[in-house]
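Heads up: the structure comes next, in C-alpha cells.
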Amino acid sequence: MYKSAREWKIPAGTLGLGCHNSPHNCKTLYDNIKVRFLVTSPPNITLGVFVPGHLIQSSLLGEKKLPADSCKQIHDASLVNSKPRAKNGIYWIKTDLQGSSSVQTYCDMTNGGWTLAGKISGKVGNIYKAWLVSNYNTAALKTPKITKQKEFACIDARSLAVEEASMILLSSAERTDGLGSKWVMWRLPGDRGKDSLWNHSVGLSAVKAAVQTPVMVYAWNGNKKICYQNKFGIMPYGRMEVRILTRLTIPLATATNDYCMAVGVMAKGSTAHGWSQNGSGYDSPAILIGRTNHTVTSPLT
C-alpha cells in the first residue's frame, strides 16, 4: 500500500488497495484505484495513519457511508505490528439478515474487536419478538454501561452471529469503556443458521428435538464449565421461554453461581408458541457483546 502526490502507480500484475493523496492518510479495504500507467518496479511505500472519523475521498470503514460487517473487521483493518490503531468507540455496523441496514453501536477494539449486540437490565417483559432479531432502542448501544433499570437494547445480530462471529461473550456493564469486570464467553454452535437462530416461532417441539451439544464456557476468573447449547439458541423447556446469550444456544439448566447463562424473554404468566413463563430461569445478565471474527485472537482466549 502506497501513495503518490499525483496518482497511484501499480506495478504490472499487482492488485492495489488504498486511496489518493489527501490531508489525512488512510487505509481502506476496497480497490478504488484508477490505474493511469504502469511502472516496472514499485515506488517507495508509505503506511498511512488510521484516523477514524476523518472523511477523505472515500469513507473509512465503520463510518455511516461505509458500515462494517463487524467491529472485528474494523479492528483487523487497522492492525500495525499486531496492534490496532482503531480505538474503542462508536462505529456503524451492518445489521439485519441481508446486511442492508446499519446502526451505530459500541466496539471494544482493545480486547480484539467485540461488537456490542445488545444489553439488558432485569426483567423487561415480552421481548422474544425483538431480542437480537431486530434493531431496538439502538441509541442505548453507544455505551456498554447500563444506565437505566428494566431496559433493553439490541441490534438484529443474526447475520453477525452466523456469518461473522465464532464466539459470544456476556459481560457485566459497570464500565463506559470496554468489557466489564466479570464476563463469560463460549464458542458458537456450528449448526446455527440465520433462519433458525433465536426464532421462537419454530415452536417448542422443534427446539426440544434439536441436538444439544456441549460447549466449554470460560469465565473472567479463570474458571470454566461445560454447558449445552442447540442451533436455536433457546432452552428446550416448556415451562419457560429463555434465550441464551452466552452461547448462541442453551445451557440445559441454570443455577446460582454457575456459568451457564440464560436470559428470560417472556413476562411471567405469558405463553407463546408452546412455551409458558413461570418466572424462573432468569440470570439477569447486564450486557451481551458478540465477537465478530472467524478466529479468536483477543487476550480473552
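Every chain in the C-alpha cells takes a letter, A first, then B, and so on in the order presented; its residues are numbered from 1, and the ligands are numbered from 1 following the presented order.
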
Practice problem: Write out as a PyMOL selection string which residues come within 12 Å of Leu116 of chain A when counting only C-alpha atoms, dropping same-chain ones fewer than 3 positions away. | Solution: chain A and resi 70-72+88-93+95+103-109+113+119-120+132+138-145+153-157+160-161+168-171+173+177-179+286-292

Expected file contents, prior selection, C-alpha atoms, as a CSV table (one decimal), in the first residue's frame:
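Dumped to selection.csv:
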chain,number,residue,atom,x,y,z
A,70,SER,CA,-18.4,-6.3,12.4
A,71,CYS,CA,-16.1,-4.5,14.8
A,72,LYS,CA,-13.6,-7.2,14.3
A,88,ASN,CA,-12.8,1.9,21.4
A,89,GLY,CA,-15.8,3.8,20.4
A,90,ILE,CA,-18.9,4.0,18.3
A,91,TYR,CA,-19.0,2.7,14.7
A,92,TRP,CA,-21.5,1.9,12.0
A,93,ILE,CA,-22.2,-1.9,11.8
A,95,THR,CA,-27.5,-5.4,10.7
A,103,VAL,CA,-26.7,1.2,13.1
A,104,GLN,CA,-24.2,2.7,15.4
A,105,THR,CA,-23.0,0.5,18.2
A,106,TYR,CA,-20.1,0.3,20.6
A,107,CYS,CA,-16.9,-1.5,19.5
A,108,ASP,CA,-14.3,-2.8,22.0
A,109,MET,CA,-11.1,-2.7,20.0
A,113,GLY,CA,-12.8,-6.3,18.2
A,119,LYS,CA,-27.7,-5.1,26.6
A,120,ILE,CA,-30.5,-5.8,29.1
A,132,LEU,CA,-31.3,-9.9,18.9
A,138,THR,CA,-30.1,1.3,19.5
A,139,ALA,CA,-29.3,4.7,20.8
A,140,ALA,CA,-28.5,3.0,24.1
A,141,LEU,CA,-25.8,0.9,22.5
A,142,LYS,CA,-23.4,3.8,22.1
A,143,THR,CA,-22.0,2.8,25.5
A,144,PRO,CA,-21.6,-0.6,27.1
A,145,LYS,CA,-22.6,0.8,30.5
A,153,ALA,CA,-31.5,-2.5,23.6
A,154,CYS,CA,-30.2,-4.7,20.7
A,155,ILE,CA,-29.4,-5.0,17.1
A,156,ASP,CA,-30.5,-7.7,14.7
A,157,ALA,CA,-27.5,-9.8,15.3
A,160,LEU,CA,-23.5,-11.1,12.5
A,161,ALA,CA,-23.7,-14.2,14.7
A,168,ILE,CA,-20.1,-14.8,22.1
A,169,LEU,CA,-19.5,-13.1,25.4
A,170,LEU,CA,-21.7,-11.9,28.2
A,171,SER,CA,-20.3,-9.2,30.4
A,173,ALA,CA,-21.9,-3.5,32.5
A,177,ASP,CA,-15.2,1.8,28.0
A,178,GLY,CA,-14.9,-1.8,27.1
A,179,LEU,CA,-15.7,-5.1,28.9
A,286,ALA,CA,-26.3,-7.0,32.1
A,287,ILE,CA,-24.8,-6.9,28.6
A,288,LEU,CA,-24.1,-9.0,25.6
A,289,ILE,CA,-21.1,-8.4,23.5
A,290,GLY,CA,-20.8,-10.6,20.4
A,291,ARG,CA,-17.3,-11.3,19.0
A,292,THR,CA,-17.3,-10.8,15.2

Practice problem: Please provide the set of residues having any atom within 7 Å of Asn199 of chain A, restricted to only C-alpha atoms, with same-chain residues fewer than 3 positions apart removed, written as a list in words. | Solution: Ser196, Val202 and Phe232 of chain A

Practice problem: Give the helix (DSSP H, G or I) residues of segment 100-221 of chain A, as assigned by DSSP on the backbone, as a list of chain:residue names. | Solution: A:Thr138, A:Ala139, A:Ala140, A:Leu141, A:Lys142, A:Arg158, A:Ser159, A:Leu160, A:Ala161, A:Val162, A:Glu163, A:Glu164, A:His200, A:Ser201, A:Val202, A:Leu204, A:Ser205, A:Ala206, A:Val207, A:Lys208, A:Ala209

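Considering only C-alpha atoms, the residue among A:Trp131, A:Tyr228, A:Tyr259, A:Phe152 positioned nearest to Val184 of chain A is A:Tyr259.
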
Quiz item: Can you tell me, as a VMD selection string, what residues are no more than 12 Å from Lys231 of chain A when counting only C-alpha atoms, ignoring any on the same chain fewer than 3 positions away?
Solution: chain A and resid 158 161 to 162 188 to 200 202 206 to 214 228 234 to 236 243 to 244 247 to 251

For the residues in that selection, give me N, CA and C atoms as an mmCIF file, in the first residue's frame.
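This went into again.cif:
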data_model
loop_
_atom_site.group_PDB
_atom_site.id
_atom_site.type_symbol
_atom_site.label_atom_id
_atom_site.label_comp_id
_atom_site.auth_asym_id
_atom_site.auth_seq_id
_atom_site.Cartn_x
_atom_site.Cartn_y
_atom_site.Cartn_z
ATOM 1 N N ARG A 158 -28.439 -11.634 13.936
ATOM 2 C CA ARG A 158 -28.424 -12.985 13.360
ATOM 3 C C ARG A 158 -27.369 -13.143 12.279
ATOM 4 N N ALA A 161 -23.967 -13.041 13.900
ATOM 5 C CA ALA A 161 -23.660 -14.240 14.671
ATOM 6 C C ALA A 161 -23.349 -15.439 13.780
ATOM 7 N N VAL A 162 -23.984 -15.502 12.621
ATOM 8 C CA VAL A 162 -23.814 -16.669 11.757
ATOM 9 C C VAL A 162 -22.652 -16.497 10.782
ATOM 10 N N LEU A 188 -19.654 -20.402 19.441
ATOM 11 C CA LEU A 188 -20.992 -20.564 18.880
ATOM 12 C C LEU A 188 -21.164 -21.961 18.281
ATOM 13 N N PRO A 189 -22.395 -22.467 18.254
ATOM 14 C CA PRO A 189 -22.625 -23.806 17.695
ATOM 15 C C PRO A 189 -22.402 -23.821 16.189
ATOM 16 N N GLY A 190 -21.843 -24.900 15.708
ATOM 17 C CA GLY A 190 -21.514 -24.994 14.300
ATOM 18 C C GLY A 190 -22.713 -25.125 13.388
ATOM 19 N N ASP A 191 -23.861 -25.556 13.913
ATOM 20 C CA ASP A 191 -25.042 -25.776 13.073
ATOM 21 C C ASP A 191 -26.033 -24.623 13.128
ATOM 22 N N ARG A 192 -25.623 -23.461 13.621
ATOM 23 C CA ARG A 192 -26.521 -22.309 13.692
ATOM 24 C C ARG A 192 -26.834 -21.795 12.280
ATOM 25 N N GLY A 193 -28.013 -21.230 12.126
ATOM 26 C CA GLY A 193 -28.419 -20.656 10.853
ATOM 27 C C GLY A 193 -29.219 -19.390 11.068
ATOM 28 N N LYS A 194 -29.218 -18.506 10.097
ATOM 29 C CA LYS A 194 -29.900 -17.223 10.257
ATOM 30 C C LYS A 194 -31.418 -17.379 10.382
ATOM 31 N N ASP A 195 -31.961 -18.413 9.762
ATOM 32 C CA ASP A 195 -33.412 -18.602 9.820
ATOM 33 C C ASP A 195 -33.882 -19.267 11.114
ATOM 34 N N SER A 196 -32.971 -19.965 11.784
ATOM 35 C CA SER A 196 -33.364 -20.711 12.985
ATOM 36 C C SER A 196 -32.919 -20.044 14.284
ATOM 37 N N LEU A 197 -31.846 -19.302 14.252
ATOM 38 C CA LEU A 197 -31.276 -18.743 15.475
ATOM 39 C C LEU A 197 -32.227 -17.757 16.142
ATOM 40 N N TRP A 198 -32.574 -18.013 17.409
ATOM 41 C CA TRP A 198 -33.434 -17.155 18.225
ATOM 42 C C TRP A 198 -34.843 -17.013 17.644
ATOM 43 N N ASN A 199 -35.257 -18.000 16.869
ATOM 44 C CA ASN A 199 -36.578 -17.957 16.231
ATOM 45 C C ASN A 199 -37.556 -18.792 17.040
ATOM 46 N N HIS A 200 -38.304 -18.141 17.922
ATOM 47 C CA HIS A 200 -39.239 -18.856 18.781
ATOM 48 C C HIS A 200 -40.459 -19.388 18.041
ATOM 49 N N VAL A 202 -40.569 -21.315 15.672
ATOM 50 C CA VAL A 202 -40.419 -22.721 15.253
ATOM 51 C C VAL A 202 -41.171 -23.647 16.192
ATOM 52 N N ALA A 206 -39.939 -28.361 18.139
ATOM 53 C CA ALA A 206 -38.737 -28.324 17.300
ATOM 54 C C ALA A 206 -37.492 -28.080 18.136
ATOM 55 N N VAL A 207 -37.608 -27.206 19.119
ATOM 56 C CA VAL A 207 -36.460 -26.908 19.983
ATOM 57 C C VAL A 207 -36.117 -28.120 20.848
ATOM 58 N N LYS A 208 -37.145 -28.802 21.345
ATOM 59 C CA LYS A 208 -36.898 -29.998 22.148
ATOM 60 C C LYS A 208 -36.222 -31.094 21.341
ATOM 61 N N ALA A 209 -36.532 -31.168 20.048
ATOM 62 C CA ALA A 209 -35.972 -32.221 19.196
ATOM 63 C C ALA A 209 -34.559 -31.906 18.734
ATOM 64 N N ALA A 210 -34.119 -30.673 18.897
ATOM 65 C CA ALA A 210 -32.789 -30.272 18.433
ATOM 66 C C ALA A 210 -31.692 -30.934 19.262
ATOM 67 N N VAL A 211 -30.585 -31.228 18.609
ATOM 68 C CA VAL A 211 -29.440 -31.845 19.285
ATOM 69 C C VAL A 211 -28.811 -30.853 20.250
ATOM 70 N N GLN A 212 -28.569 -31.295 21.477
ATOM 71 C CA GLN A 212 -27.896 -30.466 22.470
ATOM 72 C C GLN A 212 -26.405 -30.837 22.474
ATOM 73 N N THR A 213 -25.562 -29.878 22.222
ATOM 74 C CA THR A 213 -24.133 -30.146 22.136
ATOM 75 C C THR A 213 -23.387 -29.464 23.274
ATOM 76 N N PRO A 214 -22.345 -30.098 23.803
ATOM 77 C CA PRO A 214 -21.582 -29.483 24.892
ATOM 78 C C PRO A 214 -20.684 -28.363 24.384
ATOM 79 N N TYR A 228 -24.438 -26.659 27.707
ATOM 80 C CA TYR A 228 -25.012 -27.255 26.497
ATOM 81 C C TYR A 228 -25.791 -26.212 25.712
ATOM 82 N N ILE A 234 -32.219 -21.414 22.154
ATOM 83 C CA ILE A 234 -33.398 -21.358 23.016
ATOM 84 C C ILE A 234 -33.402 -22.582 23.917
ATOM 85 N N MET A 235 -33.715 -22.392 25.177
ATOM 86 C CA MET A 235 -33.760 -23.517 26.100
ATOM 87 C C MET A 235 -34.949 -24.425 25.779
ATOM 88 N N PRO A 236 -34.776 -25.745 25.806
ATOM 89 C CA PRO A 236 -35.836 -26.675 25.412
ATOM 90 C C PRO A 236 -36.770 -27.050 26.545
ATOM 91 N N ARG A 243 -33.855 -17.229 26.153
ATOM 92 C CA ARG A 243 -32.882 -17.201 25.075
ATOM 93 C C ARG A 243 -31.489 -17.060 25.651
ATOM 94 N N ILE A 244 -30.616 -17.905 25.170
ATOM 95 C CA ILE A 244 -29.265 -17.889 25.693
ATOM 96 C C ILE A 244 -28.445 -16.780 25.087
ATOM 97 N N ARG A 247 -24.007 -18.490 25.000
ATOM 98 C CA ARG A 247 -23.709 -19.371 23.906
ATOM 99 C C ARG A 247 -24.876 -19.098 23.009
ATOM 100 N N LEU A 248 -24.741 -19.066 21.774
ATOM 101 C CA LEU A 248 -25.887 -18.657 20.975
ATOM 102 C C LEU A 248 -26.975 -19.659 21.175
ATOM 103 N N THR A 249 -26.787 -20.563 22.056
ATOM 104 C CA THR A 249 -27.839 -21.515 22.332
ATOM 105 C C THR A 249 -27.927 -21.749 23.818
ATOM 106 N N ILE A 250 -28.238 -22.936 24.223
ATOM 107 C CA ILE A 250 -28.750 -23.062 25.551
ATOM 108 C C ILE A 250 -27.909 -23.886 26.503
ATOM 109 N N PRO A 251 -27.959 -23.554 27.774
ATOM 110 C CA PRO A 251 -27.498 -24.493 28.762
ATOM 111 C C PRO A 251 -28.713 -25.329 29.115
#

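In this structure, atom CA of Ala267 of chain A sits 13.7 Å away from atom CA of Ala130 of chain A.
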
Quiz item: Which residue, A:Lys225, A:Lys129, A:Lys65, A:Lys94, has the smallest gap to Ser159 of chain A when you use only C-alpha atoms?
Solution: A:Lys94

Quiz item: Looking at only C-alpha atoms, which of A:Ser134, A:Asn230, A:Thr110, A:Ser101 is the one that sits closest to Pro84 of chain A?
Solution: A:Thr110

Practice problem: Fewer than 6 positions away in the same chain doesn't count, so skip those; otherwise give me all residues within 10 Å of Val124 of chain A, counting only C-alpha atoms, as number ranges by chain. | Solution: A: 149-152, 264-267, 284

Keeping only C-alpha atoms, write the selected residues to a file as an mmCIF file, in the first residue's frame.
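Generated file (result.cif):
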data_model
loop_
_atom_site.group_PDB
_atom_site.id
_atom_site.type_symbol
_atom_site.label_atom_id
_atom_site.label_comp_id
_atom_site.auth_asym_id
_atom_site.auth_seq_id
_atom_site.Cartn_x
_atom_site.Cartn_y
_atom_site.Cartn_z
ATOM 1 C CA GLN A 149 -33.016 -0.374 35.024
ATOM 2 C CA LYS A 150 -35.604 -2.611 33.348
ATOM 3 C CA GLU A 151 -34.475 -1.598 29.890
ATOM 4 C CA PHE A 152 -33.056 -3.440 26.912
ATOM 5 C CA GLY A 264 -35.678 -14.504 30.024
ATOM 6 C CA VAL A 265 -37.571 -13.052 27.069
ATOM 7 C CA MET A 266 -41.137 -13.595 28.278
ATOM 8 C CA ALA A 267 -43.048 -11.995 31.104
ATOM 9 C CA SER A 284 -30.479 -11.109 34.689
#

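Between atom CA of Gly203 of chain A and atom CA of Cys227 of chain A there is a distance of 22.5 Å.
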